[in-house]
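Text of upload.txt, listed as compact mmCIF, C-alpha atoms:
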```txt
# COMPACT_ATOMS: atom_id res chain seq x y z
CA MET A 1 45.34 -119.24 -197.30
CA GLN A 2 43.65 -121.14 -200.05
CA SER A 3 42.07 -123.53 -197.59
CA TYR A 4 40.17 -120.86 -195.64
CA PRO A 5 36.56 -120.20 -196.51
CA GLU A 6 36.34 -116.66 -197.87
CA PRO A 7 34.71 -114.87 -194.89
CA LEU A 8 37.44 -116.28 -192.64
CA ALA A 9 40.24 -115.30 -195.04
CA ASP A 10 38.72 -111.79 -195.20
CA LEU A 11 38.59 -111.50 -191.42
CA VAL A 12 42.20 -112.66 -191.06
CA SER A 13 43.46 -110.19 -193.66
CA GLU A 14 41.46 -107.32 -192.14
CA LEU A 15 42.81 -108.03 -188.65
CA ALA A 16 46.34 -108.33 -190.02
CA LYS A 17 46.11 -104.67 -191.09
CA LEU A 18 46.28 -103.59 -187.46
CA PRO A 19 49.69 -102.56 -186.09
CA GLY A 20 51.64 -105.33 -184.37
CA ILE A 21 49.20 -107.99 -185.60
CA GLY A 22 50.91 -110.43 -187.96
CA LEU A 23 49.23 -113.19 -189.95
CA LYS A 24 49.60 -115.76 -187.16
CA THR A 25 48.08 -113.49 -184.52
CA ALA A 26 45.34 -112.46 -186.93
CA GLN A 27 44.48 -116.14 -187.40
CA ARG A 28 44.38 -116.70 -183.67
CA LEU A 29 42.15 -113.64 -183.15
CA ALA A 30 39.86 -114.67 -186.02
CA PHE A 31 39.32 -118.15 -184.60
CA HIS A 32 38.70 -116.62 -181.21
CA ILE A 33 36.11 -114.24 -182.63
CA LEU A 34 34.38 -117.18 -184.33
CA SER A 35 34.24 -119.01 -181.02
CA MET A 36 32.69 -116.01 -179.21
CA LYS A 37 28.97 -115.67 -178.67
CA ASP A 38 27.27 -113.83 -181.54
CA ASP A 39 26.46 -110.70 -179.56
CA GLU A 40 29.99 -110.46 -178.16
CA ALA A 41 31.55 -110.59 -181.60
CA ILE A 42 29.01 -108.14 -183.02
CA GLY A 43 29.82 -105.94 -180.00
CA ILE A 44 33.39 -105.52 -181.24
CA ALA A 45 32.20 -104.65 -184.75
CA ASN A 46 29.70 -102.12 -183.36
CA ALA A 47 32.34 -100.51 -181.14
CA ILE A 48 34.52 -99.91 -184.20
CA VAL A 49 31.67 -98.43 -186.24
CA ASN A 50 30.49 -96.33 -183.29
CA ALA A 51 33.93 -94.96 -182.49
CA LYS A 52 34.55 -94.04 -186.13
CA LYS A 53 31.12 -92.41 -186.41
CA LYS A 54 30.86 -90.55 -183.12
CA LEU A 55 34.40 -89.43 -182.37
CA LYS A 56 35.67 -86.19 -183.84
CA PHE A 57 38.17 -83.53 -182.84
CA CYS A 58 37.09 -80.81 -180.41
CA SER A 59 36.77 -77.58 -182.40
CA VAL A 60 38.37 -75.69 -179.51
CA CYS A 61 41.33 -77.78 -178.37
CA GLY A 62 41.64 -80.53 -181.01
CA ASN A 63 41.25 -83.41 -178.55
CA LEU A 64 39.24 -86.52 -179.46
CA THR A 65 35.66 -86.17 -178.27
CA ASP A 66 32.08 -87.25 -178.85
CA VAL A 67 30.66 -83.83 -177.87
CA ASP A 68 31.83 -80.46 -179.15
CA PRO A 69 33.38 -78.65 -177.35
CA CYS A 70 34.93 -81.54 -175.44
CA ALA A 71 34.25 -82.35 -171.79
CA ILE A 72 37.52 -80.74 -170.69
CA CYS A 73 37.00 -77.45 -172.58
CA ALA A 74 33.40 -77.29 -171.35
CA ASP A 75 34.23 -77.98 -167.69
CA PRO A 76 33.91 -74.70 -165.72
CA SER A 77 35.67 -76.25 -162.72
CA ARG A 78 38.94 -76.53 -164.65
CA ASP A 79 41.59 -73.84 -164.63
CA HIS A 80 40.93 -71.80 -167.78
CA THR A 81 44.13 -69.77 -167.41
CA THR A 82 46.55 -72.62 -168.14
CA TYR A 83 47.01 -74.44 -171.45
CA CYS A 84 48.99 -77.65 -171.87
CA VAL A 85 50.16 -78.13 -175.47
CA VAL A 86 50.59 -81.78 -176.54
CA GLU A 87 51.27 -83.61 -179.78
CA SER A 88 48.39 -86.11 -179.76
CA PRO A 89 45.19 -87.13 -177.93
CA LYS A 90 47.15 -90.04 -176.40
CA ASP A 91 49.23 -87.50 -174.52
CA VAL A 92 46.06 -85.96 -173.06
CA VAL A 93 45.10 -89.41 -171.79
CA ALA A 94 48.55 -89.85 -170.19
CA ILE A 95 48.42 -86.46 -168.44
CA GLU A 96 44.79 -86.88 -167.33
CA ARG A 97 45.72 -90.25 -165.84
CA MET A 98 47.75 -88.61 -163.10
CA ARG A 99 44.66 -86.60 -161.96
CA GLU A 100 46.82 -83.62 -160.99
CA TYR A 101 46.68 -81.23 -163.92
CA LYS A 102 43.50 -79.14 -163.87
CA GLY A 103 44.09 -76.75 -166.77
CA LEU A 104 43.07 -76.99 -170.43
CA TYR A 105 44.76 -78.69 -173.36
CA HIS A 106 45.67 -77.91 -176.90
CA VAL A 107 46.41 -80.83 -179.23
CA LEU A 108 48.75 -80.06 -182.14
CA HIS A 109 48.22 -83.32 -184.06
CA GLY A 110 51.89 -83.41 -184.95
CA VAL A 111 55.08 -81.43 -184.53
CA ILE A 112 57.06 -79.11 -186.73
CA ALA A 113 59.42 -81.38 -188.68
CA PRO A 114 61.06 -79.58 -191.62
CA MET A 115 62.84 -82.78 -192.70
CA ALA A 116 59.46 -84.45 -193.17
CA GLY A 117 58.00 -81.35 -194.79
CA VAL A 118 55.76 -80.48 -191.83
CA GLY A 119 55.71 -76.75 -191.18
CA PRO A 120 53.96 -74.68 -188.47
CA GLU A 121 50.93 -74.24 -190.76
CA ASP A 122 50.47 -78.02 -191.03
CA ILE A 123 49.77 -78.55 -187.32
CA ASN A 124 46.94 -77.28 -185.15
CA LEU A 125 48.87 -74.20 -184.03
CA GLU A 126 46.99 -71.24 -185.50
CA SER A 127 43.94 -72.12 -183.42
CA LEU A 128 46.08 -71.96 -180.26
CA ILE A 129 47.03 -68.37 -181.11
CA HIS A 130 43.36 -67.58 -181.69
CA ARG A 131 42.39 -69.15 -178.39
CA LEU A 132 45.02 -67.22 -176.48
CA SER A 133 44.28 -63.90 -178.14
CA GLY A 134 40.54 -64.40 -177.54
CA SER A 135 41.02 -65.01 -173.82
CA ASP A 136 41.64 -62.29 -171.20
CA GLU A 137 42.69 -64.77 -168.58
CA ALA A 138 45.35 -66.84 -170.42
CA ASN A 139 48.25 -66.99 -168.02
CA GLU A 140 50.57 -69.87 -168.83
CA VAL A 141 51.24 -72.28 -171.71
CA ILE A 142 52.98 -75.51 -170.71
CA VAL A 143 54.59 -77.14 -173.74
CA ALA A 144 54.50 -80.92 -173.33
CA THR A 145 55.66 -82.03 -176.77
CA ASN A 146 57.90 -85.10 -176.79
CA PRO A 147 61.53 -84.65 -175.66
CA ASN A 148 63.12 -85.20 -179.08
CA ILE A 149 64.47 -82.90 -181.80
CA GLU A 150 61.10 -82.11 -183.40
CA GLY A 151 59.36 -81.72 -180.03
CA GLU A 152 62.10 -79.33 -178.86
CA ALA A 153 62.00 -77.28 -182.04
CA THR A 154 58.21 -77.02 -181.81
CA ALA A 155 58.44 -75.92 -178.18
CA MET A 156 60.95 -73.20 -179.13
CA TYR A 157 58.76 -72.04 -181.99
CA ILE A 158 55.68 -71.83 -179.76
CA ALA A 159 57.61 -69.94 -177.08
CA ARG A 160 58.83 -67.37 -179.61
CA LEU A 161 55.31 -66.97 -180.95
CA ILE A 162 53.49 -66.55 -177.64
CA LYS A 163 55.90 -64.82 -175.26
CA PRO A 164 55.54 -61.40 -176.94
CA ALA A 165 51.85 -61.46 -175.89
CA GLY A 166 53.00 -61.46 -172.26
CA ILE A 167 51.94 -65.06 -171.60
CA LYS A 168 54.31 -67.30 -169.65
CA VAL A 169 55.54 -70.28 -171.66
CA SER A 170 57.08 -73.22 -169.81
CA ARG A 171 58.51 -76.59 -170.86
CA ILE A 172 58.09 -79.83 -168.90
CA ALA A 173 61.20 -80.87 -166.96
CA TYR A 174 63.79 -83.34 -168.16
CA GLY A 175 65.47 -85.69 -165.73
CA VAL A 176 65.74 -89.27 -164.53
CA SER A 177 62.59 -91.41 -164.38
CA ILE A 178 61.14 -92.20 -160.97
CA GLY A 179 62.08 -95.79 -160.19
CA GLY A 180 64.78 -95.73 -162.89
CA ASP A 181 68.48 -96.46 -162.49
CA ILE A 182 70.99 -93.63 -162.77
CA GLU A 183 73.46 -96.29 -163.93
CA TYR A 184 71.33 -97.00 -167.00
CA THR A 185 70.21 -93.45 -167.75
CA ASP A 186 71.55 -92.09 -171.04
CA ASP A 187 74.12 -89.28 -170.97
CA ALA A 188 71.87 -86.61 -172.45
CA THR A 189 69.14 -87.20 -169.87
CA LEU A 190 71.62 -87.33 -167.00
CA LEU A 191 73.16 -84.05 -168.12
CA LYS A 192 69.69 -82.46 -168.17
CA ALA A 193 68.93 -83.92 -164.73
CA ILE A 194 72.05 -82.35 -163.25
CA GLU A 195 71.56 -79.04 -165.05
CA GLY A 196 67.99 -78.96 -163.75
CA ARG A 197 68.89 -79.81 -160.13
CA ARG A 198 66.85 -78.12 -157.41
CA GLU A 199 67.91 -77.14 -153.91
CA LEU A 200 66.51 -79.36 -151.16
CA MET B 1 39.78 -94.45 -168.32
CA GLN B 2 37.63 -91.59 -167.12
CA SER B 3 39.25 -89.20 -169.57
CA TYR B 4 38.26 -91.15 -172.69
CA PRO B 5 35.12 -90.14 -174.53
CA GLU B 6 32.65 -93.01 -174.24
CA PRO B 7 32.85 -94.46 -177.78
CA LEU B 8 36.63 -94.67 -177.41
CA ALA B 9 36.42 -96.28 -173.97
CA ASP B 10 33.94 -98.81 -175.42
CA LEU B 11 36.24 -99.63 -178.32
CA VAL B 12 39.22 -100.11 -176.01
CA SER B 13 37.32 -102.41 -173.67
CA GLU B 14 35.89 -104.44 -176.58
CA LEU B 15 39.33 -104.92 -178.13
CA ALA B 16 40.79 -105.86 -174.74
CA LYS B 17 38.46 -108.89 -174.70
CA LEU B 18 40.52 -110.52 -177.43
CA PRO B 19 43.16 -113.05 -176.35
CA GLY B 20 46.66 -111.63 -175.85
CA ILE B 21 45.37 -108.05 -176.15
CA GLY B 22 45.88 -106.14 -172.89
CA LEU B 23 44.62 -102.66 -172.09
CA LYS B 24 47.75 -100.96 -173.48
CA THR B 25 47.61 -102.82 -176.77
CA ALA B 26 43.86 -102.24 -176.99
CA GLN B 27 44.50 -98.50 -176.61
CA ARG B 28 47.13 -98.57 -179.33
CA LEU B 29 44.82 -100.50 -181.67
CA ALA B 30 41.89 -98.18 -180.91
CA PHE B 31 43.90 -95.06 -181.73
CA HIS B 32 45.13 -96.75 -184.89
CA ILE B 33 41.58 -97.61 -185.95
CA LEU B 34 40.56 -93.99 -185.36
CA SER B 35 43.41 -92.83 -187.59
CA MET B 36 42.39 -95.19 -190.41
CA LYS B 37 40.24 -94.08 -193.32
CA ASP B 38 36.54 -94.59 -192.64
CA ASP B 39 36.05 -97.40 -195.15
CA GLU B 40 39.11 -99.26 -193.89
CA ALA B 41 37.88 -99.21 -190.30
CA ILE B 42 34.36 -100.17 -191.34
CA GLY B 43 35.98 -102.96 -193.38
CA ILE B 44 37.23 -104.58 -190.18
CA ALA B 45 33.81 -104.31 -188.55
CA ASN B 46 32.14 -105.80 -191.62
CA ALA B 47 34.61 -108.67 -191.79
CA ILE B 48 33.72 -109.60 -188.19
CA VAL B 49 29.98 -109.44 -188.83
CA ASN B 50 30.33 -111.34 -192.10
CA ALA B 51 32.49 -114.09 -190.66
CA LYS B 52 30.08 -114.58 -187.74
CA LYS B 53 27.07 -114.62 -190.07
CA LYS B 54 28.33 -116.72 -192.96
CA LEU B 55 30.61 -119.29 -191.36
CA LYS B 56 29.15 -122.49 -189.98
CA PHE B 57 30.34 -126.04 -189.49
CA CYS B 58 30.17 -128.45 -192.43
CA SER B 59 27.37 -130.94 -191.71
CA VAL B 60 29.54 -133.75 -193.08
CA CYS B 61 33.02 -133.22 -191.61
CA GLY B 62 32.56 -130.44 -189.02
CA ASN B 63 35.09 -128.07 -190.61
CA LEU B 64 34.43 -124.31 -190.77
CA THR B 65 32.82 -123.37 -194.07
CA ASP B 66 30.60 -120.87 -195.84
CA VAL B 67 28.99 -123.55 -198.06
CA ASP B 68 27.54 -126.87 -196.90
CA PRO B 69 29.00 -129.42 -197.50
CA CYS B 70 32.39 -127.72 -197.40
CA ALA B 71 34.70 -127.33 -200.38
CA ILE B 72 36.86 -130.27 -199.26
CA CYS B 73 33.97 -132.72 -198.77
CA ALA B 74 32.44 -131.63 -202.10
CA ASP B 75 35.65 -131.93 -204.11
CA PRO B 76 35.45 -135.12 -206.28
CA SER B 77 39.19 -134.89 -207.06
CA ARG B 78 40.10 -135.64 -203.44
CA ASP B 79 40.71 -139.13 -202.14
CA HIS B 80 37.39 -140.17 -200.59
CA THR B 81 38.85 -143.34 -199.07
CA THR B 82 41.05 -141.61 -196.47
CA TYR B 83 39.87 -139.62 -193.44
CA CYS B 84 42.10 -137.44 -191.31
CA VAL B 85 40.67 -136.90 -187.81
CA VAL B 86 41.69 -133.60 -186.16
CA GLU B 87 40.70 -131.67 -183.05
CA SER B 88 39.88 -128.30 -184.58
CA PRO B 89 39.47 -126.40 -187.86
CA LYS B 90 42.89 -124.80 -187.21
CA ASP B 91 44.45 -128.24 -187.63
CA VAL B 92 42.78 -128.59 -191.03
CA VAL B 93 44.40 -125.30 -192.04
CA ALA B 94 47.82 -126.53 -190.88
CA ILE B 95 47.54 -129.83 -192.77
CA GLU B 96 46.16 -128.20 -195.93
CA ARG B 97 49.08 -125.78 -195.84
CA MET B 98 51.54 -128.51 -196.79
CA ARG B 99 49.55 -129.28 -199.98
CA GLU B 100 50.35 -132.97 -199.75
CA TYR B 101 47.35 -134.59 -198.09
CA LYS B 102 44.55 -135.21 -200.57
CA GLY B 103 42.04 -137.12 -198.44
CA LEU B 104 39.06 -135.92 -196.41
CA TYR B 105 38.86 -134.58 -192.85
CA HIS B 106 36.78 -135.08 -189.77
CA VAL B 107 36.86 -132.35 -187.12
CA LEU B 108 36.13 -133.53 -183.57
CA HIS B 109 35.81 -130.04 -181.99
CA GLY B 110 37.60 -131.26 -178.89
CA VAL B 111 39.12 -134.39 -177.40
CA ILE B 112 37.99 -136.91 -174.85
CA ALA B 113 39.09 -135.48 -171.48
CA PRO B 114 37.49 -137.28 -168.54
CA MET B 115 39.18 -134.92 -166.04
CA ALA B 116 37.38 -131.99 -167.67
CA GLY B 117 34.15 -133.95 -167.95
CA VAL B 118 34.34 -134.34 -171.74
CA GLY B 119 33.25 -137.80 -172.85
CA PRO B 120 33.10 -139.42 -176.33
CA GLU B 121 29.50 -138.23 -176.72
CA ASP B 122 30.54 -134.60 -176.23
CA ILE B 123 32.75 -134.44 -179.32
CA ASN B 124 31.87 -134.81 -183.00
CA LEU B 125 32.60 -138.54 -183.04
CA GLU B 126 29.27 -140.24 -183.70
CA SER B 127 29.06 -138.55 -187.09
CA LEU B 128 32.44 -140.07 -188.01
CA ILE B 129 31.05 -143.55 -187.34
CA HIS B 130 28.01 -142.71 -189.47
CA ARG B 131 30.21 -141.42 -192.27
CA LEU B 132 32.37 -144.54 -192.27
CA SER B 133 29.48 -146.99 -192.08
CA GLY B 134 27.71 -145.15 -194.90
CA SER B 135 30.72 -145.40 -197.21
CA ASP B 136 31.79 -148.54 -199.15
CA GLU B 137 35.17 -147.12 -199.97
CA ALA B 138 36.46 -145.98 -196.54
CA ASN B 139 39.94 -147.41 -196.34
CA GLU B 140 42.03 -145.59 -193.73
CA VAL B 141 41.50 -143.23 -190.81
CA ILE B 142 44.57 -141.15 -189.87
CA VAL B 143 44.22 -139.84 -186.31
CA ALA B 144 45.96 -136.45 -186.07
CA THR B 145 44.85 -135.35 -182.61
CA ASN B 146 47.50 -133.46 -180.62
CA PRO B 147 50.37 -135.49 -179.12
CA ASN B 148 49.33 -135.08 -175.46
CA ILE B 149 47.47 -137.24 -172.96
CA GLU B 150 43.96 -136.37 -174.15
CA GLY B 151 44.93 -136.56 -177.81
CA GLU B 152 46.48 -140.00 -177.25
CA ALA B 153 43.49 -141.29 -175.33
CA THR B 154 41.14 -140.06 -178.02
CA ALA B 155 43.25 -141.74 -180.72
CA MET B 156 43.13 -145.04 -178.79
CA TYR B 157 39.39 -144.75 -178.34
CA ILE B 158 38.82 -144.10 -182.05
CA ALA B 159 41.05 -147.02 -183.03
CA ARG B 160 39.13 -149.40 -180.78
CA LEU B 161 35.86 -148.15 -182.21
CA ILE B 162 36.71 -148.34 -185.90
CA LYS B 163 39.15 -151.23 -186.34
CA PRO B 164 36.44 -153.92 -185.90
CA ALA B 165 34.82 -152.56 -189.09
CA GLY B 166 37.95 -153.60 -190.99
CA ILE B 167 39.15 -150.05 -191.58
CA LYS B 168 42.83 -149.28 -191.07
CA VAL B 169 43.48 -146.75 -188.29
CA SER B 170 46.86 -144.99 -188.17
CA ARG B 171 48.43 -142.37 -185.93
CA ILE B 172 50.74 -139.57 -187.11
CA ALA B 173 54.43 -140.19 -186.31
CA TYR B 174 56.26 -138.79 -183.30
CA GLY B 175 59.87 -137.70 -183.63
CA VAL B 176 62.27 -134.80 -183.72
CA SER B 177 61.21 -131.66 -185.58
CA ILE B 178 62.87 -130.91 -188.91
CA GLY B 179 65.41 -128.16 -188.28
CA GLY B 180 65.30 -128.84 -184.53
CA ASP B 181 68.21 -129.70 -182.26
CA ILE B 182 68.51 -133.20 -180.86
CA GLU B 183 70.35 -131.59 -177.94
CA TYR B 184 67.24 -129.61 -176.98
CA THR B 185 64.64 -132.25 -177.76
CA ASP B 186 62.77 -133.49 -174.67
CA ASP B 187 63.33 -137.07 -173.49
CA ALA B 188 59.86 -138.37 -174.32
CA THR B 189 60.08 -137.15 -177.92
CA LEU B 190 63.61 -138.49 -178.35
CA LEU B 191 62.53 -141.88 -177.05
CA LYS B 192 59.67 -141.94 -179.57
CA ALA B 193 62.04 -140.87 -182.34
CA ILE B 194 64.38 -143.76 -181.59
CA GLU B 195 61.56 -146.28 -181.16
CA GLY B 196 60.12 -145.15 -184.48
CA ARG B 197 63.42 -145.33 -186.39
CA ARG B 198 63.29 -146.47 -190.01
CA GLU B 199 65.90 -148.33 -192.00
CA LEU B 200 67.74 -146.22 -194.57
```
Show this structure as structure tokens.
Amino acid sequence: MQSYPEPLADLVSELAKLPGIGLKTAQRLAFHILSMKDDEAIGIANAIVNAKKKLKFCSVCGNLTDVDPCAICADPSRDHTTYCVVESPKDVVAIERMREYKGLYHVLHGVIAPMAGVGPEDINLESLIHRLSGSDEANEVIVATNPNIEGEATAMYIARLIKPAGIKVSRIAYGVSIGGDIEYTDDATLLKAIEGRREL
Amino acid sequence: MQSYPEPLADLVSELAKLPGIGLKTAQRLAFHILSMKDDEAIGIANAIVNAKKKLKFCSVCGNLTDVDPCAICADPSRDHTTYCVVESPKDVVAIERMREYKGLYHVLHGVIAPMAGVGPEDINLESLIHRLSGSDEANEVIVATNPNIEGEATAMYIARLIKPAGIKVSRIAYGVSIGGDIEYTDDATLLKAIEGRREL
């Protein structure tokens, strides 16, 4: 990129650091940014700085937030007896999107993965135990970690940890996707869907 | 996106303004930026601000540059008798990439497109005439506008304008792409390739 003036070369290489953005796309984005109005381009830069500066993790549930405790933890209209345990703040967004779940969350920021050297003490799990033991009204913990080996193992571990305290621990259901094709559903999922059948 | 804290929602909507970046990709990028180290994320923001602040168009050739005149115009080792006319700074980058062309450039910042209401006076054409008339050594103008209707029309217009001054005007060659398949080459290109055949 010898022929780029330096500020342009810098911008291209910074943009190319983002996931899924190769050198060609970075070039295209850079030229687009240069063609934007000044305040629009500066708006993007400010949004990055702002997000980095203002967002932190909720000290109660571990979700991304700009106020502490986060809006969900602080909302008295939510059901404070139910806790949904997820791996990452993205999962909170996905579950909130359906506008059905009214309980609280707990974000683990990872899963137990012994092969990768991640143990129970490396994820945000201890604070869940503290939360539950500090609450008289904790009733149910729904474990919504991802349906893969690490997510399963983490769910098991959490269940073993919490059940003795007399709190119900449940796991989200496995089965076929709505709108999906049974023909194209993998064997493991189909098996789970049949095992988990419910009477009509 | 009700469930996003505001700085995150802002970042997502700012990123989604970029071309080819939808809401899903913007979300993915935003979460990635949040997971970056502070100085890395701020680095992206600074690169945007810097590029917008420092880059301008060369007052001689119209190319993007951080110094005026640009590095190409100011380079005495380049061939100051040949001018390559292109539509945009991206085309300069593409031609410089092959490291073969040693002449100067002139960036039009558009093409003549009567249907879109763009006339010869709306593109950076007058300054080309000034440049050529102010130079004793101008020898050839290579028109490298895009091979489409507007690019063709612009090339014709430039030729008619400049030839009377005794300067040679040439157009880049049309033909099949290196590594391409004749089988899949469109008729118009194939016709041009045969018309433009050269003796071996």
task: Rounded to one decimal place, report the CA of Ala116 in chain B-CA of Gln27 in chain A distance in Å.
output: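 Here the two named atoms are 26.3 Å from each other.
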Inset, instruction - Write out as a VMD selection string every residue belonging to chain A that has an atom at most 6 Å from any atom of chain B, counting only C-alpha atoms. - result: chain A and resid 5 7 to 8 11 14 44 to 45 47 51 65
Please dump the current selection as a compact mmCIF listing (two decimals), in the coordinates of the input; keep C-alpha atoms.
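Contents of the output file selection_39.txt:
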```txt
# COMPACT_ATOMS: atom_id res chain seq x y z
CA PRO A 5 36.56 -120.20 -196.51
CA PRO A 7 34.71 -114.87 -194.89
CA LEU A 8 37.44 -116.28 -192.64
CA LEU A 11 38.59 -111.50 -191.42
CA GLU A 14 41.46 -107.32 -192.14
CA ILE A 44 33.39 -105.52 -181.24
CA ALA A 45 32.20 -104.65 -184.75
CA ALA A 47 32.34 -100.51 -181.14
CA ALA A 51 33.93 -94.96 -182.49
CA THR A 65 35.66 -86.17 -178.27
```
Using all atoms listed in the file, the residue out of B:Leu104, B:Ala153, B:Ala113, B:Ile194 with shortest distance to Pro76 in chain B is B:Leu104
| Out of A:Asp91, A:Asp187, A:Asp68, A:Asp136, which residue has the shortest atom-to-atom distance to Gly110 in chain A when counting all atoms listed in the file? |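 For Gly110 in chain A, the nearest of the given residues is A:Asp91.
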12 Å contact set for Gly180 in chain A, all atoms listed in the file, chain neighbours under 6 positions out, as a list in words:
Asp186, Thr189 and Leu190 of chain A
The residue from B:Cys73, B:Ala188, B:Ile123, B:Met115 with the smallest atom-to-atom distance to Glu87 in chain B, counting only C-alpha atoms, is B:Ile123
message: If we draw a sphere of 12 Å around (37.0, -143.6, -178.3), which residues have at least one atom in it when counting all atoms listed in the file? Please report them as a ChimeraX atom specification.
response: /B:108,111-114,118-126,128-129,143,150-163
field: Between CA of Lys192 in chain A and CA of Glu140 in chain A - distance in Å to one decimal
entry: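 CA of Lys192 in chain A lies 22.9 Å from CA of Glu140 in chain A.
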- Just how far from CA of Gly196 in chain B is CA of Val85 in chain B, in Å to one decimal?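 Atom-to-atom, CA of Val85 in chain B to CA of Gly196 in chain B, that is 21.4 Å.
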Centre and edge lengths of an axis-aligned box around all listed atoms of range 58-71 of chain B, with 4 Å added on each side, are to be given in Å to one decimal, as lines of an AutoDock Vina configuration file.
```
center_x = 31.2
center_y = -127.3
center_z = -194.7
size_x = 15.7
size_y = 20.9
size_z = 19.4
```
**Q.** range 170-173 of chain B surroundings by all atoms listed in the file, 7 Å radius, close-in-sequence under 6 positions cut, as an MDAnalysis selection string
**A.** chainID B and resid 141:144
If you count only C-alpha atoms, the residue of A:Phe57, A:Tyr184, A:Tyr174, A:Tyr83 closest to Lys102 in chain A turns out to be A:Tyr83
Residue with the minimum atom-to-atom distance to Ser135 in chain B, picked from B:Ile178, B:Cys84, B:Ala26, B:Ala165 with all atoms listed in the file counted, is B:Ala165
Complete the atom set of range 12-17 of chain A to all heavy atoms and return it as a tab-separated table (two decimals), in the coordinates of the input.
```tsv
chain	number	residue	atom	x	y	z
A	12	VAL	N	40.77	-112.58	-191.40
A	12	VAL	CA	42.20	-112.66	-191.06
A	12	VAL	C	42.95	-111.51	-191.72
A	12	VAL	O	43.75	-110.82	-191.07
A	12	VAL	CB	42.79	-114.02	-191.50
A	12	VAL	CG1	44.31	-114.02	-191.38
A	12	VAL	CG2	42.21	-115.15	-190.66
A	13	SER	N	42.67	-111.23	-192.99
A	13	SER	CA	43.46	-110.19	-193.66
A	13	SER	C	43.09	-108.80	-193.14
A	13	SER	O	43.93	-107.91	-193.08
A	13	SER	CB	43.36	-110.29	-195.18
A	13	SER	OG	42.14	-109.77	-195.61
A	14	GLU	N	41.83	-108.61	-192.73
A	14	GLU	CA	41.46	-107.32	-192.14
A	14	GLU	C	42.16	-107.11	-190.80
A	14	GLU	O	42.68	-106.04	-190.51
A	14	GLU	CB	39.93	-107.23	-191.93
A	14	GLU	CG	39.12	-107.06	-193.21
A	14	GLU	CD	39.35	-105.71	-193.88
A	14	GLU	OE1	39.72	-104.75	-193.19
A	14	GLU	OE2	39.17	-105.63	-195.11
A	15	LEU	N	42.17	-108.15	-189.97
A	15	LEU	CA	42.81	-108.03	-188.65
A	15	LEU	C	44.31	-107.83	-188.80
A	15	LEU	O	44.93	-107.12	-188.00
A	15	LEU	CB	42.52	-109.27	-187.80
A	15	LEU	CG	41.06	-109.45	-187.36
A	15	LEU	CD1	40.87	-110.80	-186.69
A	15	LEU	CD2	40.64	-108.33	-186.41
A	16	ALA	N	44.89	-108.44	-189.83
A	16	ALA	CA	46.34	-108.33	-190.02
A	16	ALA	C	46.75	-106.92	-190.43
A	16	ALA	O	47.94	-106.60	-190.47
A	16	ALA	CB	46.82	-109.35	-191.05
A	17	LYS	N	45.78	-106.06	-190.76
A	17	LYS	CA	46.11	-104.67	-191.09
A	17	LYS	C	46.44	-103.86	-189.85
A	17	LYS	O	47.00	-102.77	-189.95
A	17	LYS	CB	44.93	-104.00	-191.80
A	17	LYS	CG	44.72	-104.46	-193.23
A	17	LYS	CD	43.51	-103.75	-193.83
A	17	LYS	CE	43.18	-104.31	-195.21
A	17	LYS	NZ	41.87	-103.82	-195.68
```
